[in-house]
>>> print(open('protein30.txt').read())   # compact mmCIF, C-alpha atoms
# COMPACT_ATOMS: atom_id res chain seq x y z
CA MET A 1 -14.00 -46.66 2.57
CA LYS A 2 -16.51 -48.04 5.04
CA HIS A 3 -20.07 -47.23 4.02
CA ARG A 4 -21.68 -45.18 6.79
CA GLY A 5 -25.30 -45.83 5.94
CA ARG A 6 -26.19 -42.44 4.48
CA HIS A 7 -26.49 -43.65 0.90
CA ARG A 8 -29.20 -46.24 1.28
CA ARG A 9 -32.39 -45.66 -0.66
CA ARG A 10 -34.91 -43.67 1.38
CA ARG A 11 -38.32 -45.09 2.16
CA ARG A 12 -41.15 -43.47 0.36
CA GLY A 13 -44.80 -43.17 1.08
CA ALA A 14 -44.47 -42.28 4.78
CA ALA A 15 -47.50 -40.56 6.29
CA LEU A 16 -47.52 -36.77 6.38
CA ARG A 17 -45.92 -35.67 9.64
CA ALA A 18 -45.40 -31.99 9.10
CA VAL A 19 -47.13 -29.00 7.58
CA LEU A 20 -45.97 -25.45 7.03
CA THR A 21 -47.49 -22.52 8.84
CA GLY A 22 -46.01 -19.30 7.45
CA THR A 23 -42.28 -19.73 7.65
CA ALA A 24 -42.33 -22.12 10.61
CA LEU A 25 -42.77 -25.90 10.45
CA ALA A 26 -44.63 -27.91 13.07
CA LEU A 27 -46.14 -31.37 13.50
CA THR A 28 -49.83 -31.89 12.97
CA ALA A 29 -49.88 -33.62 16.33
CA ALA A 30 -48.98 -31.50 19.33
CA ALA A 31 -45.51 -32.02 20.80
CA THR A 32 -45.14 -32.34 24.53
CA LEU A 33 -41.76 -31.22 25.87
CA ILE A 34 -40.74 -32.88 29.11
CA SER A 35 -37.41 -32.81 30.93
CA THR A 36 -35.34 -35.96 31.07
CA SER A 37 -35.84 -36.28 34.79
CA GLN A 38 -39.63 -36.16 34.37
CA ALA A 39 -39.78 -38.63 31.50
CA GLY A 40 -37.39 -41.19 32.92
CA VAL A 41 -36.15 -42.10 29.45
CA GLY A 42 -34.00 -45.23 29.43
CA GLU A 43 -31.72 -43.96 26.66
CA ASP A 44 -30.52 -40.99 28.73
CA PRO A 45 -26.73 -40.88 28.11
CA GLY A 46 -26.13 -39.16 31.45
CA PRO A 47 -23.54 -36.46 32.20
CA LEU A 48 -20.21 -36.18 30.43
CA THR A 49 -17.16 -37.86 31.93
CA PRO A 50 -13.95 -35.79 31.64
CA LEU A 51 -10.95 -37.53 30.06
CA THR A 52 -7.75 -36.35 31.70
CA SER A 53 -5.32 -39.27 31.77
CA PRO A 54 -2.36 -39.18 29.33
CA ALA A 55 -3.51 -42.52 27.95
CA ASP A 56 -6.81 -40.95 26.91
CA THR A 57 -5.65 -37.51 25.79
CA GLY A 58 -2.57 -38.85 23.99
CA ARG A 59 -4.79 -40.68 21.50
CA LEU A 60 -6.22 -37.33 20.42
CA ARG A 61 -2.89 -35.79 19.38
CA LEU A 62 -2.58 -34.70 15.76
CA GLN A 63 0.40 -34.07 13.53
CA GLU A 64 0.12 -31.20 11.06
CA HIS A 65 1.22 -31.66 7.44
CA LEU A 66 1.30 -28.56 5.24
CA VAL A 67 1.19 -28.86 1.46
CA PRO A 68 4.36 -27.05 0.26
CA GLY A 69 3.63 -23.60 -1.07
CA ARG A 70 5.60 -24.33 -4.23
CA SER A 71 3.24 -27.24 -4.99
CA LEU A 72 0.18 -25.02 -4.65
CA ASP A 73 1.82 -22.30 -6.74
CA ARG A 74 2.77 -24.79 -9.44
CA LEU A 75 -0.83 -26.02 -9.63
CA ALA A 76 -2.15 -22.45 -9.81
CA ALA A 77 0.33 -21.56 -12.52
CA ALA A 78 -0.84 -24.50 -14.61
CA MET A 79 -4.58 -24.05 -14.00
CA GLY A 80 -4.77 -20.29 -13.97
CA ARG A 81 -5.24 -17.65 -11.31
CA PRO A 82 -7.29 -18.98 -8.33
CA VAL A 83 -10.74 -17.51 -7.78
CA GLY A 84 -12.68 -16.88 -4.60
CA VAL A 85 -16.10 -17.67 -3.21
CA ASP A 86 -17.66 -14.71 -5.05
CA ALA A 87 -16.83 -16.20 -8.44
CA VAL A 88 -18.49 -19.49 -7.52
CA LEU A 89 -21.64 -17.77 -6.24
CA ARG A 90 -21.94 -15.64 -9.37
CA GLY A 91 -22.18 -18.84 -11.39
CA ALA A 92 -24.74 -20.54 -9.10
CA ASP A 93 -26.73 -22.84 -11.41
CA ARG A 94 -28.90 -24.76 -8.92
CA ARG A 95 -31.85 -23.65 -6.79
CA LEU A 96 -33.01 -24.73 -3.36
CA ARG A 97 -36.79 -25.02 -3.14
CA ALA A 98 -38.80 -23.80 -0.17
CA ALA A 99 -40.11 -26.58 2.05
CA ASP A 100 -43.74 -26.08 1.03
CA ASP A 101 -42.76 -27.20 -2.49
CA CYS A 102 -41.33 -30.48 -1.18
CA SER A 103 -42.96 -33.86 -0.76
CA ALA A 104 -44.68 -34.83 2.47
CA ASP A 105 -42.03 -37.50 3.08
CA ASP A 106 -39.21 -34.98 2.76
CA ARG A 107 -40.90 -32.54 5.12
CA ALA A 108 -41.46 -35.41 7.54
CA SER A 109 -37.69 -35.79 7.83
CA LEU A 110 -37.44 -32.40 9.57
CA PRO A 111 -37.19 -32.09 13.37
CA VAL A 112 -40.35 -32.70 15.36
CA ALA A 113 -39.30 -30.57 18.33
CA PRO A 114 -38.14 -27.93 18.12
CA ALA A 115 -39.57 -27.28 14.67
CA ALA A 116 -37.44 -25.77 11.90
CA ALA A 117 -38.02 -22.09 11.25
CA ARG A 118 -36.77 -22.35 7.66
CA ALA A 119 -36.23 -25.36 5.45
CA TYR A 120 -35.17 -25.98 1.86
CA PHE A 121 -35.10 -28.91 -0.57
CA TRP A 122 -32.09 -29.52 -2.81
CA ASP A 123 -32.46 -29.68 -6.59
CA PRO A 124 -33.93 -33.12 -7.41
CA ALA A 125 -31.21 -33.62 -10.02
CA ASP A 126 -28.72 -33.76 -7.14
CA THR A 127 -30.70 -35.83 -4.63
CA GLU A 128 -32.01 -38.57 -6.90
CA GLY A 129 -28.55 -39.90 -7.71
CA ASP A 130 -25.76 -41.38 -5.61
CA TRP A 131 -24.66 -38.22 -3.76
CA ARG A 132 -25.87 -37.51 -0.21
CA PRO A 133 -25.33 -34.48 2.09
CA ALA A 134 -23.91 -34.92 5.60
CA SER A 135 -22.30 -31.69 6.87
CA VAL A 136 -22.91 -27.96 6.96
CA THR A 137 -21.05 -24.79 7.91
CA THR A 138 -21.69 -21.11 7.16
CA SER A 139 -19.97 -17.79 6.71
CA GLY A 140 -21.24 -17.21 10.25
CA ASP A 141 -18.42 -19.54 11.28
CA ALA A 142 -16.08 -17.26 9.30
CA ASP A 143 -17.48 -14.43 11.49
CA GLY A 144 -20.28 -13.13 9.29
CA ALA A 145 -20.61 -12.35 5.61
CA TRP A 146 -17.87 -13.40 3.20
CA GLY A 147 -17.11 -10.85 0.52
CA GLY A 148 -20.44 -9.22 1.28
CA HIS A 149 -22.36 -12.49 0.94
CA ARG A 150 -24.13 -14.72 3.43
CA VAL A 151 -22.94 -18.19 2.49
CA VAL A 152 -23.88 -21.72 3.51
CA LEU A 153 -21.58 -24.63 2.63
CA ALA A 154 -22.84 -28.21 2.58
CA GLY A 155 -20.57 -31.24 2.27
CA TRP A 156 -21.74 -34.17 0.12
CA THR A 157 -20.22 -37.60 -0.49
CA HIS A 158 -20.79 -40.01 -3.35
CA SER A 159 -21.81 -43.60 -2.66
CA THR A 160 -18.90 -46.01 -2.33
CA THR A 161 -20.82 -48.86 -3.94
CA ALA A 162 -22.77 -47.27 -6.82
CA GLY A 163 -21.81 -45.33 -9.92
CA ARG A 164 -18.60 -45.36 -11.88
CA PRO A 165 -15.52 -46.65 -9.99
CA GLY A 166 -13.75 -43.32 -10.51
CA GLU A 167 -16.40 -41.30 -8.70
CA ARG A 168 -17.14 -43.59 -5.77
CA GLY A 169 -16.49 -41.92 -2.42
CA LEU A 170 -15.69 -38.49 -3.90
CA ALA A 171 -16.45 -35.40 -1.79
CA ARG A 172 -17.88 -32.09 -2.97
CA VAL A 173 -19.24 -28.91 -1.44
CA ALA A 174 -22.36 -26.95 -2.34
CA PHE A 175 -21.60 -23.22 -2.15
CA VAL A 176 -24.99 -21.69 -1.31
CA ASP A 177 -25.77 -18.00 -1.85
CA ALA A 178 -28.01 -17.26 1.15
CA ASP A 179 -28.29 -13.48 0.71
CA ASP A 180 -32.03 -13.79 0.00
CA PRO A 181 -33.62 -16.33 2.39
CA ALA A 182 -36.48 -16.82 -0.08
CA HIS A 183 -34.22 -17.62 -3.05
CA LEU A 184 -31.20 -19.76 -2.25
CA ALA A 185 -28.92 -20.80 -5.13
CA TYR A 186 -25.80 -22.95 -5.17
CA ARG A 187 -22.88 -24.27 -7.24
CA TRP A 188 -20.73 -27.37 -6.81
CA VAL A 189 -16.99 -27.44 -6.03
CA LEU A 190 -15.11 -30.75 -5.94
CA LEU A 191 -12.59 -31.30 -3.11
CA VAL A 192 -9.20 -32.47 -4.35
CA VAL A 193 -5.67 -33.13 -3.07
CA PRO A 194 -2.53 -31.96 -4.94
CA VAL A 195 -0.17 -34.76 -6.00
CA ASP A 196 3.15 -35.00 -7.82
CA GLY A 197 4.40 -31.71 -6.41
CA GLY A 198 1.37 -29.80 -7.68
CA ARG A 199 1.57 -31.13 -11.22
CA ASP A 200 -1.74 -32.94 -10.78
CA TYR A 201 -4.50 -33.59 -8.25
CA ARG A 202 -6.71 -36.46 -7.15
CA GLY A 203 -10.22 -36.38 -5.75
CA LEU A 204 -10.64 -36.47 -1.98
CA VAL A 205 -12.27 -39.83 -1.25
CA SER A 206 -13.96 -39.27 2.08
CA ASP A 207 -17.27 -39.17 3.87
CA VAL A 208 -17.42 -35.46 4.74
CA SER A 209 -19.46 -35.96 7.90
CA GLY A 210 -18.06 -32.83 9.56
CA MET A 211 -17.05 -29.44 8.20
CA VAL A 212 -16.04 -26.07 9.72
CA TRP A 213 -15.28 -22.71 8.08
CA HIS A 214 -12.82 -20.68 10.16
CA GLU A 215 -11.13 -17.54 8.85
CA ASP A 216 -10.27 -18.36 5.22
CA LYS A 217 -10.00 -22.12 5.78
CA LEU A 218 -12.42 -25.01 5.42
CA LEU A 219 -11.68 -28.05 7.63
CA VAL A 220 -13.36 -31.37 6.78
CA THR A 221 -13.32 -34.84 8.25
CA THR A 222 -11.71 -37.76 6.45
CA THR A 223 -12.51 -41.42 5.96
CA SER A 224 -12.85 -43.57 9.07
CA GLY A 225 -10.32 -46.32 9.65
CA GLY A 226 -7.26 -44.31 8.61
CA ALA A 227 -4.74 -42.11 10.41
CA ASP A 228 -5.89 -38.98 8.57
CA ALA A 229 -8.26 -36.95 10.72
CA LEU A 230 -8.83 -33.66 8.87
CA TYR A 231 -8.10 -31.99 5.54
CA VAL A 232 -7.78 -28.22 5.26
CA TYR A 233 -8.78 -26.06 2.26
CA ASP A 234 -8.05 -22.42 1.50
CA LEU A 235 -11.19 -20.72 0.17
CA ASP A 236 -9.09 -18.20 -1.71
CA ARG A 237 -7.56 -21.00 -3.80
CA ILE A 238 -10.57 -22.28 -5.73
CA GLN A 239 -9.51 -23.29 -9.26
CA ARG A 240 -11.56 -23.43 -12.45
CA THR A 241 -11.54 -26.61 -14.51
CA THR A 242 -11.23 -26.48 -18.29
CA VAL A 243 -12.45 -29.89 -19.48
CA ASP A 244 -15.90 -31.37 -18.80
CA ALA A 245 -15.03 -35.06 -18.44
CA PRO A 246 -15.57 -37.87 -15.91
CA ALA A 247 -11.87 -37.99 -15.03
CA VAL A 248 -10.41 -36.14 -12.02
CA GLY A 249 -7.08 -34.41 -12.55
CA ARG A 250 -4.93 -33.44 -15.49
CA VAL A 251 -6.27 -34.71 -18.82
CA PRO A 252 -5.40 -34.09 -22.47
CA GLY A 253 -6.38 -30.50 -23.15
CA GLY A 254 -6.54 -29.28 -19.56
CA TRP A 255 -8.06 -30.08 -16.18
CA SER A 256 -11.14 -32.13 -15.30
CA ALA A 257 -13.16 -32.80 -12.12
CA ASP A 258 -15.86 -35.38 -12.85
CA GLY A 259 -17.97 -32.74 -14.56
CA HIS A 260 -17.54 -30.06 -11.88
CA GLY A 261 -16.58 -26.54 -12.96
CA TYR A 262 -14.40 -25.87 -9.92
CA VAL A 263 -11.99 -27.71 -7.64
CA LEU A 264 -10.66 -26.79 -4.21
CA PRO A 265 -7.15 -28.16 -3.57
CA ALA A 266 -6.13 -29.11 -0.02
CA VAL A 267 -3.47 -26.96 1.63
CA ALA A 268 -2.89 -29.06 4.76
CA SER A 269 -3.95 -32.17 6.65
CA TYR A 270 -3.88 -33.46 10.21
CA ARG A 271 -3.09 -37.07 11.07
CA PHE A 272 -3.41 -38.88 14.36
CA ALA A 273 0.06 -39.38 15.82
CA ALA A 274 -0.98 -42.71 17.35
CA GLY A 275 -2.02 -44.22 14.03
CA PRO A 276 -5.37 -45.20 12.48
CA CYS A 277 -8.55 -44.45 14.37
CA SER A 278 -10.19 -47.39 16.14
CA ALA A 279 -12.19 -48.31 19.23
CA SER A 280 -8.99 -48.71 21.28
CA GLY A 281 -6.98 -45.99 19.55
CA PRO A 282 -7.66 -42.49 18.27
CA PRO A 283 -11.35 -41.68 17.68
CA CYS A 284 -12.66 -41.58 14.12
CA PRO A 285 -13.88 -37.97 13.74
CA GLY A 286 -17.52 -37.66 12.76
CA ALA A 287 -19.25 -34.35 13.44
CA LEU A 288 -17.35 -31.05 13.70
CA ALA A 289 -18.34 -27.56 14.83
CA LEU A 290 -16.78 -24.21 15.69
CA ASP A 291 -16.98 -22.79 19.21
CA ARG A 292 -16.42 -19.01 19.24
CA GLY A 293 -17.23 -18.84 22.93
CA SER A 294 -13.91 -20.39 23.93
CA ALA A 295 -10.66 -18.47 24.17
CA PRO A 296 -9.19 -18.89 21.64
CA ASP A 297 -11.78 -20.16 19.16
CA SER A 298 -11.83 -23.94 19.09
CA LEU A 299 -12.76 -26.85 16.85
CA VAL A 300 -15.06 -29.35 18.57
CA ALA A 301 -15.46 -32.91 17.39
CA ALA A 302 -17.52 -36.01 18.12
CA GLU A 303 -16.42 -39.59 17.54
CA TRP A 304 -18.10 -41.57 14.78
CA THR A 305 -19.79 -44.64 16.32
CA ALA A 306 -22.57 -46.97 15.22
CA PRO A 307 -26.02 -45.79 16.37
CA ASP A 308 -27.00 -49.30 17.46
CA GLY A 309 -23.70 -50.05 19.21
CA ASP A 310 -22.75 -49.84 22.88
CA ARG A 311 -19.42 -48.04 22.45
CA ARG A 312 -19.19 -44.79 24.39
CA ALA A 313 -18.26 -41.94 22.07
CA ARG A 314 -15.64 -39.27 22.77
CA LEU A 315 -16.12 -35.50 22.48
CA TRP A 316 -13.11 -33.20 22.36
CA ARG A 317 -11.77 -29.83 21.19
CA TYR A 318 -8.62 -28.33 19.64
CA ALA A 319 -7.67 -24.68 19.89
CA PHE A 320 -7.22 -22.61 16.73
CA ASP A 321 -3.94 -20.79 16.22
CA THR A 322 -3.92 -17.08 17.07
CA ASP A 323 -0.87 -16.32 14.90
CA PRO A 324 -2.01 -13.96 12.09
CA ALA A 325 0.34 -15.82 9.74
CA ARG A 326 -1.61 -19.05 10.30
CA PRO A 327 -5.28 -18.14 9.85
CA GLY A 328 -7.71 -21.03 10.15
CA LEU A 329 -5.10 -23.58 11.24
CA LEU A 330 -4.96 -25.40 14.57
CA ALA A 331 -2.55 -24.37 17.31
CA THR A 332 0.63 -26.46 17.19
CA ASP A 333 3.80 -26.83 19.22
CA GLY A 334 7.28 -26.43 17.74
CA ALA A 335 7.10 -29.90 16.22
CA GLY A 336 3.76 -29.34 14.50
CA ARG A 337 1.79 -31.36 17.05
CA VAL A 338 -1.78 -30.50 18.08
CA ASP A 339 -3.08 -31.55 21.49
CA ALA A 340 -6.71 -31.57 22.58
CA VAL A 341 -7.45 -28.90 25.16
CA GLU A 342 -10.57 -30.67 26.49
CA ALA A 343 -12.05 -34.15 26.15
CA TYR A 344 -15.03 -36.12 27.45
CA ARG A 345 -16.71 -39.49 27.18
CA THR A 346 -20.47 -39.74 26.58
CA ARG A 347 -22.76 -42.76 26.59
CA ALA A 348 -24.48 -41.35 23.49
CA ALA A 349 -23.89 -43.38 20.33
CA GLY A 350 -24.45 -42.61 16.66
CA ILE A 351 -23.65 -38.91 17.06
CA ARG A 352 -24.03 -37.07 13.74
CA GLY A 353 -24.10 -33.48 14.98
CA VAL A 354 -22.24 -31.66 17.74
CA LEU A 355 -22.13 -28.12 19.14
CA SER A 356 -20.44 -26.60 22.16
CA TYR A 357 -21.94 -23.37 23.45
CA ARG A 358 -21.61 -21.47 26.71
CA LYS A 359 -24.69 -19.46 27.61
CA ALA A 360 -24.23 -16.04 29.19
CA GLY A 361 -23.72 -16.43 32.92
CA ALA A 362 -23.11 -20.18 32.72
CA ASP A 363 -20.06 -21.62 34.47
CA ARG A 364 -19.49 -24.27 31.80
CA ALA A 365 -20.18 -24.96 28.15
CA SER A 366 -23.05 -27.22 27.13
CA TRP A 367 -22.53 -29.89 24.49
CA TYR A 368 -25.39 -30.52 22.08
CA VAL A 369 -25.35 -33.91 20.36
CA GLY A 370 -27.71 -34.95 17.59
CA ARG A 371 -27.79 -38.68 17.07
CA LEU A 372 -29.40 -41.32 14.91
CA PRO A 373 -31.84 -43.84 16.42
CA GLY A 374 -30.44 -47.26 17.18
CA THR A 375 -32.32 -48.79 14.27
CA GLN A 376 -30.79 -46.23 11.85
CA ASP A 377 -34.35 -45.54 10.69
CA GLY A 378 -36.74 -42.81 11.72
CA HIS A 379 -36.13 -39.68 13.76
CA GLY A 380 -33.11 -39.32 16.01
CA GLY A 381 -32.62 -37.53 19.33
CA LEU A 382 -30.99 -34.28 20.38
CA TRP A 383 -29.39 -34.00 23.81
CA ARG A 384 -27.71 -31.22 25.75
CA GLN A 385 -25.02 -32.49 28.09
CA ASP A 386 -22.46 -31.19 30.55
CA THR A 387 -20.56 -32.81 33.41
CA GLU A 388 -23.56 -32.63 35.75
CA ARG A 389 -26.71 -33.41 33.78
CA THR A 390 -28.41 -34.21 30.49
CA ARG A 391 -31.55 -32.79 28.90
CA ALA A 392 -33.53 -33.87 25.82
CA ALA A 393 -36.53 -32.65 23.88
CA HIS A 394 -39.56 -34.93 24.13
CA CYS A 395 -42.60 -35.03 21.91
CA GLY A 396 -45.85 -36.89 21.38
CA ALA A 397 -48.20 -38.55 23.82
CA ASP A 398 -45.58 -41.16 24.73
CA ALA A 399 -42.94 -38.50 25.50
CA SER A 400 -40.56 -40.01 22.97
CA ASP A 401 -37.08 -38.52 22.77
CA ARG A 402 -36.87 -39.26 19.02
CA CYS A 403 -37.77 -35.68 18.11
CA TRP A 404 -34.78 -34.58 16.06
CA ALA A 405 -34.27 -34.88 12.32
CA ARG A 406 -34.36 -38.08 10.30
CA ASP A 407 -30.91 -39.06 8.96
CA SER A 408 -29.58 -35.97 10.72
CA GLY A 409 -26.33 -34.29 9.75
CA SER A 410 -23.89 -31.92 11.43
CA LEU A 411 -24.79 -28.73 13.33
CA SER A 412 -23.48 -25.21 12.74
CA TYR A 413 -24.24 -22.16 14.90
CA TRP A 414 -24.46 -18.76 13.17
CA ARG A 415 -23.69 -16.44 16.06
CA ALA A 416 -24.80 -13.18 14.40
CA THR A 417 -28.31 -14.53 13.65
CA GLY A 418 -28.64 -16.91 16.60
CA GLU A 419 -29.53 -19.76 14.21
CA VAL A 420 -28.44 -23.38 14.13
CA TRP A 421 -28.15 -24.89 10.64
CA SER A 422 -28.36 -28.59 9.96
CA LEU A 423 -29.45 -31.26 7.47
CA SER A 424 -32.09 -33.97 7.43
CA ASP A 425 -32.14 -36.54 4.66
CA ARG A 426 -32.46 -34.26 1.59
CA MET A 427 -33.42 -31.07 3.46
CA LEU A 428 -31.37 -28.08 4.63
CA PHE A 429 -32.90 -26.25 7.59
CA ALA A 430 -32.33 -23.62 10.28
CA LEU A 431 -33.86 -22.88 13.67
CA PRO A 432 -33.06 -20.45 16.50
CA LEU A 433 -30.71 -21.76 19.18
CA ALA A 434 -33.11 -20.15 21.67
CA ASP A 435 -35.88 -22.50 20.46
CA LEU A 436 -33.58 -25.46 20.80
CA ASP A 437 -32.62 -24.44 24.34
CA HIS A 438 -36.24 -23.83 25.29
CA SER A 439 -37.12 -27.37 24.25
CA LEU A 440 -34.27 -28.71 26.38
CA ASP A 441 -35.03 -26.76 29.59
>>> encode(input="protein30.txt", output="structure tokens")
Amino acid sequence: MKHRGRHRRRRRGAALRAVLTGTALALTAAATLISTSQAGVGEDPGPLTPLTSPADTGRLRLQEHLVPGRSLDRLAAAMGRPVGVDAVLRGADRRLRAADDCSADDRASLPVAPAAARAYFWDPADTEGDWRPASVTTSGDADGAWGGHRVVLAGWTHSTTAGRPGERGLARVAFVDADDPAHLAYRWVLLVVPVDGGRDYRGLVSDVSGMVWHEDKLLVTTTSGGADALYVYDLDRIQRTTVDAPAVGRVPGGWSADGHGYVLPAVASYRFAAGPCSASGPPCPGALALDRGSAPDSLVAAEWTAPDGDRRARLWRYAFDTDPARPGLLATDGAGRVDAVEAYRTRAAGIRGVLSYRKAGADRASWYVGRLPGTQDGHGGLWRQDTERTRAAHCGADASDRCWARDSGSLSYWRATGEVWSLSDRMLFALPLADLDHSLD
């Protein structure tokens, strides 16, 4: 798997850039917000260009592959009755620390403008190793609380070059109990794929750069360079492991998952019909998000490109199925094919977060893209684009547009609370969408 630059060792000793004031975070230096037209920023990616030709849209077509029900049932029969999200949360054995307990360098990774309203630091035991977070989704995507709980899910990937060969590139999800904003706790679940007709499973080896929770399904991105685009997981099919060992799969005496107490087996996948993703073929999916403002709900995606490259990234969306018998799956035709219902080209590169949101009274949706700086070091930018214009937040005396998070991750909008959740380096944070929009107006 190609290393995507998230697992490099972070620089330490950076000057303090942020301090807490109550529950809000702000820079010690004042941020000046200026519109793109006023600042004249050279990196302005400009308006979106619609992609409508069959040559362009055909590259976005997916083919659905469902894991046979008998395979999933065979695995459940061997491992024991599946459990749900509640069972995982009840066993939460990690704590997220409030931002004021974090180091100055970690707080400095948070957005400059707009500032985060809430921020949390992962357990040091998880961040000081070879795992790094990249994606986030919430029970807000699943339309509110799940089983009475407010839940945040964060996707992490293990380094592909460090650690034991058997754990390199593995993907896992932190199930975060967010019922009490002052005391967040979480538990790990390893993502796996059934093999041998459900008689065993393997670990999902993928950089989970995008993740969306819709209905009872969790959709995640897969490794770049292959034909696989997405894997799908049923959150009612979480399985307990029985052996604490470094192996992943069936072992003498039971089931193991590299030391994780739970696994989540895939129930489906989507592959690009045109073959492996590439610059001239299908786009390698990077960031994902859910848009509940479309009809029907839709999955939006941004192409994974190098932040210091000149390749123009693609943004597109797929509609979710409205058939009650297919909750959380994408809409397909009779042959199991999924076509994009909207697609654009943007001059933005290095996109690591994407949202599509249509404000009340607006005649079109806006696309928010969070991207890394071209040097892959320091703060990135956040832009709001549509087919007519682009806006960015600017900060500091030089009106820089590098105001977003450092090593930013995906974006997730919690409609009921009006918050956008995201990640920066080793921090999990949230801020009101209204604040984000205000900084971009």
>>> closest_residue(input="protein30.txt", among="A:Gly226, A:Gly198, A:Gly163, A:Gly309", to="Gly281 (chain A)", atoms="only C-alpha atoms")
A:Gly226
>>> residues_around(input="protein30.txt", residues="region 422-424 of chain A", least_positions_apart="5", cutoff="6 Å", atoms="all atoms listed in the file", output="number ranges by chain")
A: 109-110, 405-411, 429
>>> closest_residue(input="protein30.txt", among="A:Arg237, A:Val300, A:Gly286, A:Leu330", to="Arg371 (chain A)", atoms="all atoms listed in the file")
A:Gly286
>>> atom_distance(input="protein30.txt", atom1="CA of Arg250 (chain A)", atom2="CA of Ala125 (chain A)")
26.8 Å
>>> residues_around(input="protein30.txt", residues="Pro285 (chain A)", least_positions_apart="3", cutoff="7 Å", atoms="only C-alpha atoms", output="PyMOL selection string")
chain A and resi 221+229+301-304
>>> closest_residue(input="protein30.txt", among="A:Asp308, A:Gly336, A:Ala343, A:Arg314", to="Thr375 (chain A)", atoms="only C-alpha atoms")
A:Asp308
>>> closest_atom_pairs(input="protein30.txt", of="region 205-269 of chain A", to="region 166-185 of chain A", cutoff="7 Å", atoms="only C-alpha atoms", output="JSON lines")
{"residue": "A:Val205", "atom": "CA", "partner": "A:Leu170", "partner_atom": "CA", "distance": 4.5}
{"residue": "A:Ser206", "atom": "CA", "partner": "A:Gly169", "partner_atom": "CA", "distance": 5.8}
{"residue": "A:Asp207", "atom": "CA", "partner": "A:Ala171", "partner_atom": "CA", "distance": 6.8}
{"residue": "A:Val208", "atom": "CA", "partner": "A:Ala171", "partner_atom": "CA", "distance": 6.6}
>>> write_last_selection(input="protein30.txt", atoms="C-alpha atoms", output="compact mmCIF listing (two decimals), keeping the file's coordinate frame")
# COMPACT_ATOMS: atom_id res chain seq x y z
CA VAL A 205 -12.27 -39.83 -1.25
CA SER A 206 -13.96 -39.27 2.08
CA ASP A 207 -17.27 -39.17 3.87
CA VAL A 208 -17.42 -35.46 4.74
>>> closest_atom_pairs(input="protein30.txt", of="region 217-292 of chain A", to="region 70-83 of chain A", cutoff="8 Å", atoms="all atoms listed in the file", output="Markdown table")
| residue | atom | partner | partner_atom | distance |
| --- | --- | --- | --- | --- |
| A:Asp236 | CA | A:Val83 | CA | 6.3 |
| A:Arg237 | CA | A:Pro82 | CA | 5.0 |
| A:Ile238 | CA | A:Val83 | CA | 5.2 |
| A:Gln239 | CA | A:Pro82 | CA | 4.9 |
| A:Arg240 | CA | A:Met79 | CA | 7.2 |
| A:Thr241 | CA | A:Met79 | CA | 7.4 |
| A:Gly254 | CA | A:Met79 | CA | 7.9 |
| A:Trp255 | CA | A:Met79 | CA | 7.3 |
| A:Val267 | CA | A:Leu72 | CA | 7.5 |
>>> closest_residue(input="protein30.txt", among="A:Leu153, A:Ala134, A:Pro432, A:Arg389", to="Arg187 (chain A)", atoms="only C-alpha atoms")
A:Leu153
>>> closest_residue(input="protein30.txt", among="A:Val369, A:Ala434, A:Val212, A:Leu315", to="Leu51 (chain A)", atoms="only C-alpha atoms")
A:Leu315
>>> residues_near_point(input="protein30.txt", point="(-17.0, -34.9, 30.4)", cutoff="9 Å", atoms="all atoms listed in the file", output="number ranges by chain")
A: 47-51, 314-315, 342-346, 385-388
>>> atom_distance(input="protein30.txt", atom1="CA of Gly353 (chain A)", atom2="CA of Gly210 (chain A)")
8.1 Å
>>> closest_residue(input="protein30.txt", among="A:Arg364, A:Lys217, A:Arg426, A:His379", to="Arg326 (chain A)", atoms="all atoms listed in the file")
A:Lys217
